[in-house]
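Structure file final16.txt with compact mmCIF, C-alpha atoms and all ligand atoms:
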# COMPACT_ATOMS: atom_id res chain seq x y z
CA MET A 24 -47.54 -5.11 -77.35
CA LYS A 25 -47.91 -8.39 -75.45
CA ALA A 26 -50.48 -10.94 -76.56
CA ILE A 27 -51.32 -14.62 -76.21
CA LEU A 28 -50.66 -16.37 -79.53
CA CYS A 29 -52.29 -19.47 -80.95
CA GLU A 30 -49.79 -20.72 -83.56
CA GLN A 31 -51.03 -24.31 -83.84
CA TRP A 32 -54.38 -26.01 -83.13
CA GLY A 33 -54.35 -27.58 -79.69
CA GLY A 34 -55.17 -27.23 -76.00
CA PRO A 35 -54.40 -24.22 -73.77
CA GLU A 36 -50.87 -25.56 -73.13
CA THR A 37 -49.95 -24.82 -76.77
CA LEU A 38 -50.57 -21.06 -76.37
CA ARG A 39 -47.68 -18.68 -75.65
CA LEU A 40 -47.16 -15.11 -74.57
CA ALA A 41 -45.51 -13.16 -77.40
CA GLU A 42 -44.56 -9.65 -78.51
CA VAL A 43 -46.70 -8.66 -81.54
CA PRO A 44 -47.15 -5.38 -83.49
CA LEU A 45 -49.73 -2.94 -82.14
CA PRO A 46 -52.76 -3.27 -84.49
CA GLN A 47 -53.88 -0.14 -86.35
CA PRO A 48 -57.59 0.66 -86.82
CA GLY A 49 -58.83 0.73 -90.43
CA PRO A 50 -61.86 2.67 -91.68
CA GLY A 51 -64.84 2.21 -89.32
CA GLN A 52 -62.64 0.65 -86.62
CA VAL A 53 -61.26 1.66 -83.24
CA ARG A 54 -58.35 0.42 -81.15
CA ILE A 55 -59.15 -0.40 -77.54
CA ARG A 56 -56.54 -0.36 -74.76
CA ILE A 57 -57.81 -3.47 -72.98
CA ALA A 58 -58.51 -3.22 -69.25
CA ALA A 59 -59.99 -6.73 -69.01
CA ALA A 60 -61.02 -9.55 -71.34
CA GLY A 61 -63.82 -12.04 -70.67
CA VAL A 62 -62.99 -15.75 -70.87
CA ASN A 63 -65.62 -17.91 -72.58
CA PHE A 64 -66.03 -21.57 -73.45
CA PRO A 65 -65.89 -20.81 -77.19
CA ASP A 66 -62.26 -19.64 -76.59
CA VAL A 67 -61.48 -23.20 -75.44
CA LEU A 68 -63.03 -24.59 -78.62
CA ILE A 69 -61.61 -22.10 -81.11
CA ILE A 70 -57.95 -22.84 -80.27
CA GLN A 71 -58.62 -26.55 -80.90
CA LYS A 72 -60.33 -25.93 -84.27
CA LYS A 73 -63.57 -27.22 -82.73
CA TYR A 74 -65.59 -24.00 -83.08
CA GLN A 75 -67.83 -23.00 -85.95
CA VAL A 76 -65.52 -20.04 -86.68
CA GLN A 77 -61.93 -21.02 -87.60
CA PRO A 78 -59.48 -18.10 -87.80
CA GLN A 79 -56.23 -18.29 -89.76
CA LEU A 80 -53.15 -19.21 -87.74
CA PRO A 81 -51.49 -17.50 -85.97
CA PHE A 82 -54.16 -15.57 -84.08
CA VAL A 83 -54.77 -14.07 -80.65
CA PRO A 84 -57.73 -15.72 -78.85
CA GLY A 85 -60.14 -13.80 -76.59
CA ALA A 86 -63.63 -12.90 -77.80
CA GLU A 87 -64.73 -9.94 -75.66
CA VAL A 88 -63.06 -7.02 -73.97
CA ALA A 89 -63.64 -3.87 -71.98
CA GLY A 90 -61.31 -0.90 -72.08
CA THR A 91 -60.66 2.60 -73.36
CA VAL A 92 -60.71 3.68 -77.00
CA GLU A 93 -57.23 5.02 -77.83
CA ALA A 94 -57.27 5.35 -81.64
CA VAL A 95 -60.12 5.91 -84.07
CA GLY A 96 -60.17 4.97 -87.79
CA ASP A 97 -61.61 7.05 -90.64
CA GLY A 98 -65.36 7.39 -90.74
CA VAL A 99 -66.04 6.62 -87.06
CA ARG A 100 -68.45 9.24 -85.75
CA ASP A 101 -70.18 7.87 -82.65
CA ILE A 102 -67.11 6.95 -80.60
CA GLN A 103 -64.23 9.20 -79.59
CA ALA A 104 -60.81 8.48 -78.15
CA GLY A 105 -61.10 8.18 -74.38
CA ALA A 106 -64.52 6.47 -74.42
CA ALA A 107 -65.00 3.52 -72.05
CA VAL A 108 -66.40 0.62 -74.06
CA ALA A 109 -67.12 -3.09 -74.01
CA ALA A 110 -66.87 -4.92 -77.31
CA LEU A 111 -67.17 -8.24 -79.03
CA CYS A 112 -63.92 -8.82 -80.91
CA GLY A 113 -64.27 -12.54 -81.69
CA THR A 114 -60.50 -12.98 -81.46
CA GLY A 115 -57.73 -10.64 -80.31
CA GLY A 116 -58.90 -10.10 -76.72
CA PHE A 117 -56.06 -11.75 -74.80
CA ALA A 118 -53.70 -8.86 -75.49
CA GLU A 119 -52.88 -5.35 -74.32
CA ALA A 120 -54.89 -3.80 -77.18
CA CYS A 121 -57.17 -4.92 -79.99
CA VAL A 122 -58.92 -3.46 -83.02
CA VAL A 123 -62.68 -3.88 -83.50
CA ASP A 124 -65.39 -2.45 -85.73
CA ALA A 125 -66.81 0.61 -83.99
CA ALA A 126 -70.28 -0.90 -84.48
CA GLN A 127 -69.29 -3.70 -82.08
CA CYS A 128 -68.62 -1.27 -79.21
CA VAL A 129 -71.05 -0.51 -76.41
CA LEU A 130 -70.48 2.73 -74.51
CA LEU A 131 -70.23 2.00 -70.78
CA PRO A 132 -71.68 4.03 -67.94
CA PRO A 133 -68.83 5.82 -66.11
CA ASP A 134 -69.28 3.94 -62.83
CA LEU A 135 -69.23 0.40 -64.25
CA PRO A 136 -66.04 -1.49 -63.27
CA MET A 137 -64.09 -2.68 -66.32
CA ASP A 138 -63.66 -6.24 -65.05
CA LEU A 139 -67.42 -6.57 -64.70
CA ALA A 140 -68.00 -5.03 -68.14
CA ALA A 141 -65.52 -7.43 -69.77
CA GLY A 142 -67.84 -10.39 -69.27
CA LEU A 143 -71.10 -8.70 -70.19
CA VAL A 144 -71.36 -8.76 -73.96
CA LEU A 145 -71.05 -12.46 -74.76
CA ALA A 146 -72.30 -14.47 -71.78
CA TRP A 147 -74.96 -12.02 -70.64
CA GLY A 148 -75.89 -11.18 -74.23
CA THR A 149 -76.39 -14.89 -74.93
CA ALA A 150 -78.52 -15.50 -71.82
CA TRP A 151 -80.63 -12.40 -72.58
CA HIS A 152 -81.15 -13.38 -76.22
CA ALA A 153 -82.11 -16.93 -75.19
CA LEU A 154 -84.51 -16.09 -72.36
CA ARG A 155 -85.97 -12.79 -73.51
CA ASP A 156 -85.89 -13.09 -77.27
CA ARG A 157 -86.15 -16.79 -78.09
CA ALA A 158 -88.10 -18.27 -75.17
CA ALA A 159 -90.01 -15.11 -74.12
CA LEU A 160 -89.69 -16.23 -70.50
CA CYS A 161 -92.50 -14.69 -68.40
CA GLU A 162 -92.86 -13.65 -64.80
CA GLY A 163 -94.12 -16.57 -62.70
CA GLU A 164 -92.83 -19.29 -65.06
CA THR A 165 -90.32 -21.89 -63.89
CA LEU A 166 -86.88 -21.89 -65.49
CA LEU A 167 -84.45 -24.82 -65.23
CA VAL A 168 -80.81 -23.83 -65.90
CA LEU A 169 -78.27 -26.60 -66.64
CA GLY A 170 -74.62 -25.72 -65.91
CA ALA A 171 -76.06 -22.91 -63.79
CA ALA A 172 -72.78 -21.93 -62.10
CA GLY A 173 -70.95 -21.28 -65.41
CA GLY A 174 -70.57 -17.95 -67.20
CA VAL A 175 -73.65 -18.19 -69.39
CA GLY A 176 -75.51 -20.29 -66.79
CA LEU A 177 -75.17 -17.81 -63.92
CA ALA A 178 -76.23 -15.01 -66.26
CA ALA A 179 -79.35 -17.08 -67.07
CA VAL A 180 -80.05 -17.57 -63.35
CA GLN A 181 -79.87 -13.83 -62.66
CA ILE A 182 -81.79 -12.79 -65.79
CA GLY A 183 -84.47 -15.38 -64.94
CA LYS A 184 -84.85 -13.74 -61.52
CA ALA A 185 -84.86 -10.22 -63.01
CA ILE A 186 -87.75 -11.30 -65.26
CA GLY A 187 -89.60 -12.71 -62.22
CA ALA A 188 -89.32 -16.42 -62.99
CA ARG A 189 -88.83 -19.18 -60.42
CA VAL A 190 -85.32 -20.47 -61.10
CA ILE A 191 -84.05 -24.02 -60.53
CA ALA A 192 -80.27 -24.26 -60.85
CA ALA A 193 -78.61 -27.56 -61.79
CA ALA A 194 -74.82 -27.79 -61.39
CA GLY A 195 -72.10 -30.41 -60.92
CA THR A 196 -70.95 -29.95 -57.30
CA PRO A 197 -72.66 -29.00 -54.00
CA GLU A 198 -70.44 -25.87 -53.85
CA LYS A 199 -71.63 -24.74 -57.28
CA VAL A 200 -75.26 -25.34 -56.27
CA ASP A 201 -74.72 -23.20 -53.13
CA LEU A 202 -73.19 -20.46 -55.27
CA CYS A 203 -76.25 -20.47 -57.56
CA ARG A 204 -78.53 -20.12 -54.54
CA ARG A 205 -76.47 -17.20 -53.27
CA GLN A 206 -76.78 -15.65 -56.73
CA GLY A 207 -80.57 -15.79 -56.55
CA ALA A 208 -81.71 -19.29 -57.64
CA ASP A 209 -84.84 -20.38 -55.76
CA GLU A 210 -83.87 -24.06 -55.85
CA GLY A 211 -80.76 -25.96 -56.77
CA PHE A 212 -79.51 -29.51 -57.11
CA ASP A 213 -76.37 -31.40 -58.04
CA TYR A 214 -77.12 -33.18 -61.32
CA GLU A 215 -74.03 -35.40 -60.95
CA ARG A 216 -75.40 -36.93 -57.76
CA GLU A 217 -79.20 -36.54 -57.99
CA ASP A 218 -81.40 -37.94 -60.73
CA LEU A 219 -82.35 -35.00 -62.94
CA ARG A 220 -85.87 -36.12 -63.91
CA GLU A 221 -86.87 -37.21 -60.41
CA THR A 222 -85.53 -34.04 -58.79
CA VAL A 223 -87.12 -31.68 -61.32
CA ARG A 224 -90.44 -33.51 -61.00
CA ARG A 225 -90.29 -33.13 -57.21
CA LEU A 226 -89.29 -29.46 -57.34
CA THR A 227 -92.09 -28.59 -59.78
CA ASP A 228 -94.85 -30.72 -58.20
CA GLY A 229 -94.89 -32.89 -61.31
CA THR A 230 -95.54 -29.99 -63.71
CA GLY A 231 -92.03 -29.52 -65.10
CA PRO A 232 -90.23 -26.28 -65.99
CA ALA A 233 -91.72 -24.02 -68.67
CA VAL A 234 -88.25 -23.22 -69.97
CA VAL A 235 -85.02 -25.25 -69.95
CA PHE A 236 -81.77 -23.32 -70.52
CA ASP A 237 -79.34 -25.97 -71.78
CA ALA A 238 -75.73 -24.86 -72.27
CA VAL A 239 -74.35 -28.29 -71.32
CA GLY A 240 -75.76 -30.94 -73.69
CA GLY A 241 -74.33 -34.46 -73.27
CA ARG A 242 -76.35 -36.82 -71.11
CA PHE A 243 -78.39 -34.08 -69.38
CA SER A 244 -80.36 -32.76 -72.37
CA GLU A 245 -82.69 -35.70 -72.82
CA PRO A 246 -83.87 -36.04 -69.18
CA ALA A 247 -84.28 -32.24 -69.07
CA LEU A 248 -86.48 -32.29 -72.18
CA ARG A 249 -88.41 -35.28 -70.84
CA SER A 250 -89.19 -33.33 -67.66
CA ILE A 251 -90.32 -30.14 -69.42
CA ALA A 252 -93.85 -28.74 -68.90
CA TRP A 253 -96.66 -28.93 -71.44
CA ARG A 254 -95.91 -26.28 -74.12
CA GLY A 255 -92.39 -25.95 -72.68
CA ARG A 256 -89.43 -24.33 -74.49
CA HIS A 257 -86.06 -26.10 -74.45
CA LEU A 258 -83.26 -23.69 -75.33
CA VAL A 259 -80.33 -25.35 -77.12
CA VAL A 260 -77.46 -23.06 -76.10
CA GLY A 261 -74.31 -25.19 -76.06
CA PHE A 262 -72.55 -28.48 -75.50
CA ALA A 263 -70.00 -27.85 -72.77
CA ALA A 264 -70.15 -31.56 -71.86
CA GLY A 265 -68.70 -32.33 -75.29
CA ALA A 266 -71.34 -34.58 -76.85
CA VAL A 267 -74.06 -33.13 -79.07
CA PRO A 268 -77.07 -35.22 -78.04
CA ALA A 269 -79.35 -36.82 -80.63
CA ILE A 270 -82.90 -36.28 -79.41
CA ALA A 271 -85.89 -38.38 -80.48
CA LEU A 272 -88.46 -36.06 -82.05
CA ASN A 273 -91.37 -37.74 -80.28
CA LEU A 274 -90.23 -36.00 -77.07
CA PRO A 275 -91.17 -32.43 -78.11
CA LEU A 276 -94.33 -33.83 -79.76
CA LEU A 277 -95.51 -35.50 -76.54
CA LYS A 278 -95.25 -32.24 -74.58
CA GLY A 279 -96.41 -29.88 -77.31
CA ALA A 280 -92.95 -28.44 -76.62
CA SER A 281 -90.49 -26.42 -78.72
CA LEU A 282 -86.79 -27.05 -79.23
CA ILE A 283 -85.30 -23.60 -79.74
CA GLY A 284 -81.82 -23.01 -81.19
CA VAL A 285 -79.80 -20.11 -79.78
CA PHE A 286 -76.93 -18.68 -81.86
CA TRP A 287 -76.05 -15.41 -80.20
CA GLY A 288 -73.10 -14.44 -82.46
CA GLU A 289 -75.25 -14.68 -85.57
CA PHE A 290 -78.10 -12.86 -83.80
CA ALA A 291 -75.77 -9.98 -82.84
CA LYS A 292 -74.60 -9.73 -86.48
CA ARG A 293 -78.01 -10.03 -88.15
CA GLU A 294 -80.06 -8.08 -85.61
CA PRO A 295 -77.69 -5.42 -84.19
CA ARG A 296 -80.53 -3.15 -82.99
CA ARG A 297 -82.22 -5.89 -80.98
CA HIS A 298 -78.82 -6.95 -79.63
CA ALA A 299 -78.15 -3.36 -78.53
CA GLU A 300 -81.58 -3.31 -76.82
CA GLY A 301 -80.55 -6.40 -74.89
CA LEU A 302 -77.28 -4.87 -73.71
CA ARG A 303 -79.13 -1.70 -72.70
CA GLU A 304 -81.58 -3.71 -70.63
CA ILE A 305 -78.72 -5.60 -68.97
CA LEU A 306 -76.96 -2.30 -68.13
CA ASP A 307 -80.26 -0.91 -66.78
CA TRP A 308 -80.75 -3.97 -64.58
CA ILE A 309 -77.20 -3.51 -63.22
CA ALA A 310 -77.86 0.18 -62.52
CA GLN A 311 -81.09 -0.73 -60.71
CA GLY A 312 -79.28 -3.40 -58.67
CA ARG A 313 -81.49 -6.17 -60.08
CA ILE A 314 -78.53 -8.17 -61.39
CA ARG A 315 -74.90 -8.27 -60.31
CA PRO A 316 -72.56 -10.19 -62.64
CA LEU A 317 -70.12 -12.34 -60.69
CA VAL A 318 -66.43 -12.12 -61.59
CA SER A 319 -65.00 -15.02 -59.63
CA ARG A 320 -61.36 -14.90 -60.71
CA ARG A 321 -58.87 -12.62 -62.43
CA TYR A 322 -55.86 -13.97 -64.36
CA ALA A 323 -52.80 -12.06 -65.56
CA LEU A 324 -52.32 -12.02 -69.35
CA ALA A 325 -49.51 -14.61 -69.15
CA ASP A 326 -51.92 -16.90 -67.27
CA ALA A 327 -54.69 -16.79 -69.91
CA PRO A 328 -53.87 -20.42 -70.91
CA ARG A 329 -54.46 -21.39 -67.26
CA ALA A 330 -57.84 -19.62 -67.34
CA LEU A 331 -58.84 -21.63 -70.43
CA ALA A 332 -57.63 -24.87 -68.84
CA ASP A 333 -59.70 -24.14 -65.70
CA LEU A 334 -62.80 -23.52 -67.82
CA ALA A 335 -62.27 -26.77 -69.71
CA ALA A 336 -61.83 -28.64 -66.39
CA ARG A 337 -65.14 -27.29 -64.96
CA ALA A 338 -63.11 -25.42 -62.33
CA ALA A 339 -64.47 -21.93 -63.11
CA THR A 340 -67.63 -20.28 -61.81
CA GLY A 341 -69.44 -17.18 -63.05
CA LYS A 342 -67.18 -15.06 -65.24
CA VAL A 343 -63.43 -15.29 -65.19
CA ILE A 344 -61.40 -12.53 -66.78
CA VAL A 345 -57.90 -11.84 -68.05
CA VAL A 346 -56.33 -8.56 -66.97
CA PRO A 347 -53.41 -7.45 -69.17
N1 LIG A 401 -75.33 -20.56 -78.44
C1 LIG A 401 -74.59 -19.50 -78.25
O1 LIG A 401 -74.76 -18.48 -78.91
C2 LIG A 401 -73.53 -19.54 -77.20
C3 LIG A 401 -72.87 -18.37 -76.78
C4 LIG A 401 -71.92 -18.47 -75.75
C5 LIG A 401 -71.61 -19.71 -75.20
N2 LIG A 401 -72.24 -20.81 -75.69
C6 LIG A 401 -71.97 -22.15 -75.14
O2 LIG A 401 -72.48 -22.19 -73.83
C7 LIG A 401 -71.72 -23.13 -73.06
C8 LIG A 401 -71.27 -22.47 -71.78
O3 LIG A 401 -70.29 -21.47 -72.05
P1 LIG A 401 -69.61 -20.66 -70.85
O4 LIG A 401 -68.70 -19.67 -71.45
O5 LIG A 401 -70.64 -20.25 -69.88
O6 LIG A 401 -68.72 -21.83 -70.20
P2 LIG A 401 -68.43 -22.18 -68.66
O7 LIG A 401 -68.40 -20.95 -67.85
O8 LIG A 401 -67.25 -23.06 -68.68
O9 LIG A 401 -69.71 -23.03 -68.23
C9 LIG A 401 -69.97 -24.30 -68.74
C10 LIG A 401 -70.61 -25.15 -67.68
O10 LIG A 401 -70.88 -26.43 -68.28
C11 LIG A 401 -70.78 -27.42 -67.29
N3 LIG A 401 -70.12 -28.63 -67.82
C12 LIG A 401 -70.65 -29.86 -67.81
N4 LIG A 401 -69.81 -30.74 -68.34
C13 LIG A 401 -68.71 -30.08 -68.71
C14 LIG A 401 -67.48 -30.46 -69.29
N5 LIG A 401 -67.23 -31.74 -69.64
N6 LIG A 401 -66.55 -29.51 -69.52
C15 LIG A 401 -66.79 -28.23 -69.21
N7 LIG A 401 -67.95 -27.78 -68.64
C16 LIG A 401 -68.90 -28.72 -68.38
C17 LIG A 401 -69.96 -26.85 -66.14
O11 LIG A 401 -70.80 -26.86 -65.00
P3 LIG A 401 -70.88 -28.12 -64.00
O12 LIG A 401 -69.49 -28.50 -63.62
O13 LIG A 401 -71.67 -27.54 -62.89
O14 LIG A 401 -71.59 -29.20 -64.75
C18 LIG A 401 -69.70 -25.40 -66.50
O15 LIG A 401 -70.01 -24.52 -65.45
C19 LIG A 401 -70.59 -23.59 -73.97
O16 LIG A 401 -70.94 -24.81 -74.57
C20 LIG A 401 -70.50 -22.50 -75.02
O17 LIG A 401 -69.94 -22.95 -76.21
C21 LIG A 401 -73.18 -20.75 -76.66
Would you write out, as structure tokens, the structure that this file holds?
Amino acid sequence: MKAILCEQWGGPETLRLAEVPLPQPGPGQVRIRIAAAGVNFPDVLIIQKKYQVQPQLPFVPGAEVAGTVEAVGDGVRDIQAGAAVAALCGTGGFAEACVVDAAQCVLLPPDLPMDLAAGLVLAWGTAWHALRDRAALCEGETLLVLGAAGGVGLAAVQIGKAIGARVIAAAGTPEKVDLCRRQGADEGFDYEREDLRETVRRLTDGTGPAVVFDAVGGRFSEPALRSIAWRGRHLVVGFAAGAVPAIALNLPLLKGASLIGVFWGEFAKREPRRHAEGLREILDWIAQGRIRPLVSRRYALADAPRALADLAARAATGKVIVVP
């Protein structure tokens, strides 16, 4: 089968399309014929050896897929060949097929498009875990989302609205801010051109957001935490800007606020039932029309390196997917 191979640590330009053996499912595993694979920022990091998980070289990047089960290993009871599933694979997704533990598969409703399903598990799972599980965001609260037009960010915007929060979207271009508004954000601003603290103060009548969803880090984290409401919750989700900020601990003290770490991959492993509840709620919200994941661009398998380069260059919005 065809797959994108990472044979040396480096940027997307070091990846190549190759012919590799079709993987066989072991006990408890299934092989999925991939219809679409979600592209995520961690894929950009993992090929450069900058991610917390470091696979052995060579490996096939691509952390999540949607497709049809075509082979089932010994001991798998709940999933049969022919089932439409989405799955977290960690690596192996930028290929025509991949093998995953059956426990990582979510059965899909028959009418859900595969390209939409391919981006659900990781980005939407992360935003759900952060907002629902870690911050317990409530109806009527104000949510500030940094990097709101990205994969995880736009999921946070839509989940915030599904919960009934007032959502302020912060993104790096006027076009991205407009996109966030079209996707349901109540307010939006360009944090590259407008002062974050001033703007958030103005948009919240001086109160500040109850919850900050921070998947960007860098120079935006501190002003976001400084502008948070009394008893606010600042969700530490990621550092797409590159720098991991060092925050003075007097800041959460002064607001009676909480800094909350979000590590979705570990959550999904340690708390599989709660993770499955999250995915069920996301699928319910889709069925009810309360959320609509945005797939903004589709790349052919050979162009997966281009997809990763676009993500790294802040040129992607919503979910982008690779279609083998
Ligand atoms: N904690 C977890 O469990 C978990 C799970 C999944 C992902 N993550 C993290 O969440 C972050 C977002 O992931 P994603 O897949 O949603 O990525 P994405 O779609 O590329 O979104 C990242 C956003 O960050 C902003 N950004 C600011 N500076 C950037 C820079 N120098 N380079 C790239 N982007 C920059 C961009 O928006 P603007 O251009 O508008 O600023 C972009 O839309 C990543 O850091 C990822 O590692 C964490």
List all protein, DNA and RNA residues that have any atom at most 7 Å from ligand LIG 401 (chain A), counting all atoms listed in the file, and write the list as a ChimeraX atom specification. /A:62-65,145-146,149,170-176,194-196,199,238-239,260-265,285-288,334-337,339-342
What lies within 9 Å of Pro316 (chain A) using only C-alpha atoms, ignoring chain neighbours under 4 positions off, as a list in words? Leu139, Ala140, Gly142, Leu143, Trp147, Leu177, Ala178, Gln181, Ile309, Gly341 and Lys342 of chain A
Contacts of Leu130 (chain A) at 9 Å or less, counting only C-alpha atoms, minus same-chain residues fewer than 4 places along, as an NGL selection string? :A and (102 or 106-110)
Surrounding residues of Trp253 (chain A) excluding itself and chain neighbours under 5 positions, 12 Å, only C-alpha atoms, as an NGL selection string: :A and (229-234 or 248 or 274-281)
One-decimal distance in Å that lies between CA of Gln206 (chain A) and CA of Gly312 (chain A): 12.7 Å
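Proximity to Gln103 (chain A) was assessed for A:Arg249, A:Arg204, A:Arg320, A:Arg54 counting only C-alpha atoms; the smallest distance is recorded for A:Arg54.
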I need the residue nearest Pro295 (chain A) from this list: A:Leu38, A:Val95, A:Ala126, A:Ala59. Use all atoms listed in the file for the distance. A:Ala126
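Interatomic distance, CA of Ala208 (chain A) against CA of Asp237 (chain A): 15.8 Å.
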Padding of 5 Å on every side, edges along x, y and z, all listed atoms of region 117-132 of chain A included: what centre and edge lengths in Å, to one decimal, does that box have, as JSON?
{"center_x": -62.3, "center_y": -3.9, "center_z": -76.8, "size_x": 28.8, "size_y": 25.8, "size_z": 27.8}
With N, CA, C and O atoms as the target, complete region 199-211 of chain A and hand it back as a PDB file, in the coordinates of the input.
ATOM      1  N   LYS A 199     -71.074 -25.527 -56.167  1.00  0.00           N
ATOM      2  CA  LYS A 199     -71.630 -24.740 -57.280  1.00  0.00           C
ATOM      3  C   LYS A 199     -73.127 -24.493 -57.060  1.00  0.00           C
ATOM      4  O   LYS A 199     -73.636 -23.416 -57.368  1.00  0.00           O
ATOM      5  N   VAL A 200     -73.819 -25.509 -56.536  1.00  0.00           N
ATOM      6  CA  VAL A 200     -75.260 -25.340 -56.270  1.00  0.00           C
ATOM      7  C   VAL A 200     -75.453 -24.237 -55.221  1.00  0.00           C
ATOM      8  O   VAL A 200     -76.318 -23.363 -55.371  1.00  0.00           O
ATOM      9  N   ASP A 201     -74.626 -24.243 -54.173  1.00  0.00           N
ATOM     10  CA  ASP A 201     -74.720 -23.200 -53.130  1.00  0.00           C
ATOM     11  C   ASP A 201     -74.488 -21.825 -53.739  1.00  0.00           C
ATOM     12  O   ASP A 201     -75.188 -20.861 -53.425  1.00  0.00           O
ATOM     13  N   LEU A 202     -73.479 -21.745 -54.617  1.00  0.00           N
ATOM     14  CA  LEU A 202     -73.190 -20.460 -55.270  1.00  0.00           C
ATOM     15  C   LEU A 202     -74.420 -19.969 -56.036  1.00  0.00           C
ATOM     16  O   LEU A 202     -74.788 -18.790 -55.953  1.00  0.00           O
ATOM     17  N   CYS A 203     -75.066 -20.864 -56.774  1.00  0.00           N
ATOM     18  CA  CYS A 203     -76.250 -20.470 -57.560  1.00  0.00           C
ATOM     19  C   CYS A 203     -77.352 -19.949 -56.636  1.00  0.00           C
ATOM     20  O   CYS A 203     -78.028 -18.973 -56.964  1.00  0.00           O
ATOM     21  N   ARG A 204     -77.509 -20.597 -55.493  1.00  0.00           N
ATOM     22  CA  ARG A 204     -78.530 -20.120 -54.540  1.00  0.00           C
ATOM     23  C   ARG A 204     -78.174 -18.724 -54.055  1.00  0.00           C
ATOM     24  O   ARG A 204     -79.014 -17.842 -53.988  1.00  0.00           O
ATOM     25  N   ARG A 205     -76.888 -18.533 -53.732  1.00  0.00           N
ATOM     26  CA  ARG A 205     -76.470 -17.200 -53.270  1.00  0.00           C
ATOM     27  C   ARG A 205     -76.653 -16.157 -54.353  1.00  0.00           C
ATOM     28  O   ARG A 205     -76.852 -14.976 -54.072  1.00  0.00           O
ATOM     29  N   GLN A 206     -76.614 -16.589 -55.608  1.00  0.00           N
ATOM     30  CA  GLN A 206     -76.780 -15.650 -56.730  1.00  0.00           C
ATOM     31  C   GLN A 206     -78.251 -15.505 -57.117  1.00  0.00           C
ATOM     32  O   GLN A 206     -78.551 -14.935 -58.159  1.00  0.00           O
ATOM     33  N   GLY A 207     -79.153 -16.081 -56.329  1.00  0.00           N
ATOM     34  CA  GLY A 207     -80.570 -15.790 -56.550  1.00  0.00           C
ATOM     35  C   GLY A 207     -81.445 -16.967 -56.927  1.00  0.00           C
ATOM     36  O   GLY A 207     -82.676 -16.825 -56.950  1.00  0.00           O
ATOM     37  N   ALA A 208     -80.865 -18.151 -57.242  1.00  0.00           N
ATOM     38  CA  ALA A 208     -81.710 -19.290 -57.640  1.00  0.00           C
ATOM     39  C   ALA A 208     -82.631 -19.665 -56.478  1.00  0.00           C
ATOM     40  O   ALA A 208     -82.227 -19.654 -55.317  1.00  0.00           O
ATOM     41  N   ASP A 209     -83.881 -20.003 -56.799  1.00  0.00           N
ATOM     42  CA  ASP A 209     -84.840 -20.380 -55.760  1.00  0.00           C
ATOM     43  C   ASP A 209     -84.574 -21.796 -55.257  1.00  0.00           C
ATOM     44  O   ASP A 209     -84.765 -22.096 -54.086  1.00  0.00           O
ATOM     45  N   GLU A 210     -84.167 -22.658 -56.180  1.00  0.00           N
ATOM     46  CA  GLU A 210     -83.870 -24.060 -55.850  1.00  0.00           C
ATOM     47  C   GLU A 210     -82.584 -24.437 -56.555  1.00  0.00           C
ATOM     48  O   GLU A 210     -82.219 -23.809 -57.559  1.00  0.00           O
ATOM     49  N   GLY A 211     -81.946 -25.496 -56.071  1.00  0.00           N
ATOM     50  CA  GLY A 211     -80.760 -25.960 -56.770  1.00  0.00           C
ATOM     51  C   GLY A 211     -80.537 -27.422 -56.469  1.00  0.00           C
ATOM     52  O   GLY A 211     -80.962 -27.922 -55.426  1.00  0.00           O
TER      53      GLY A 211
END
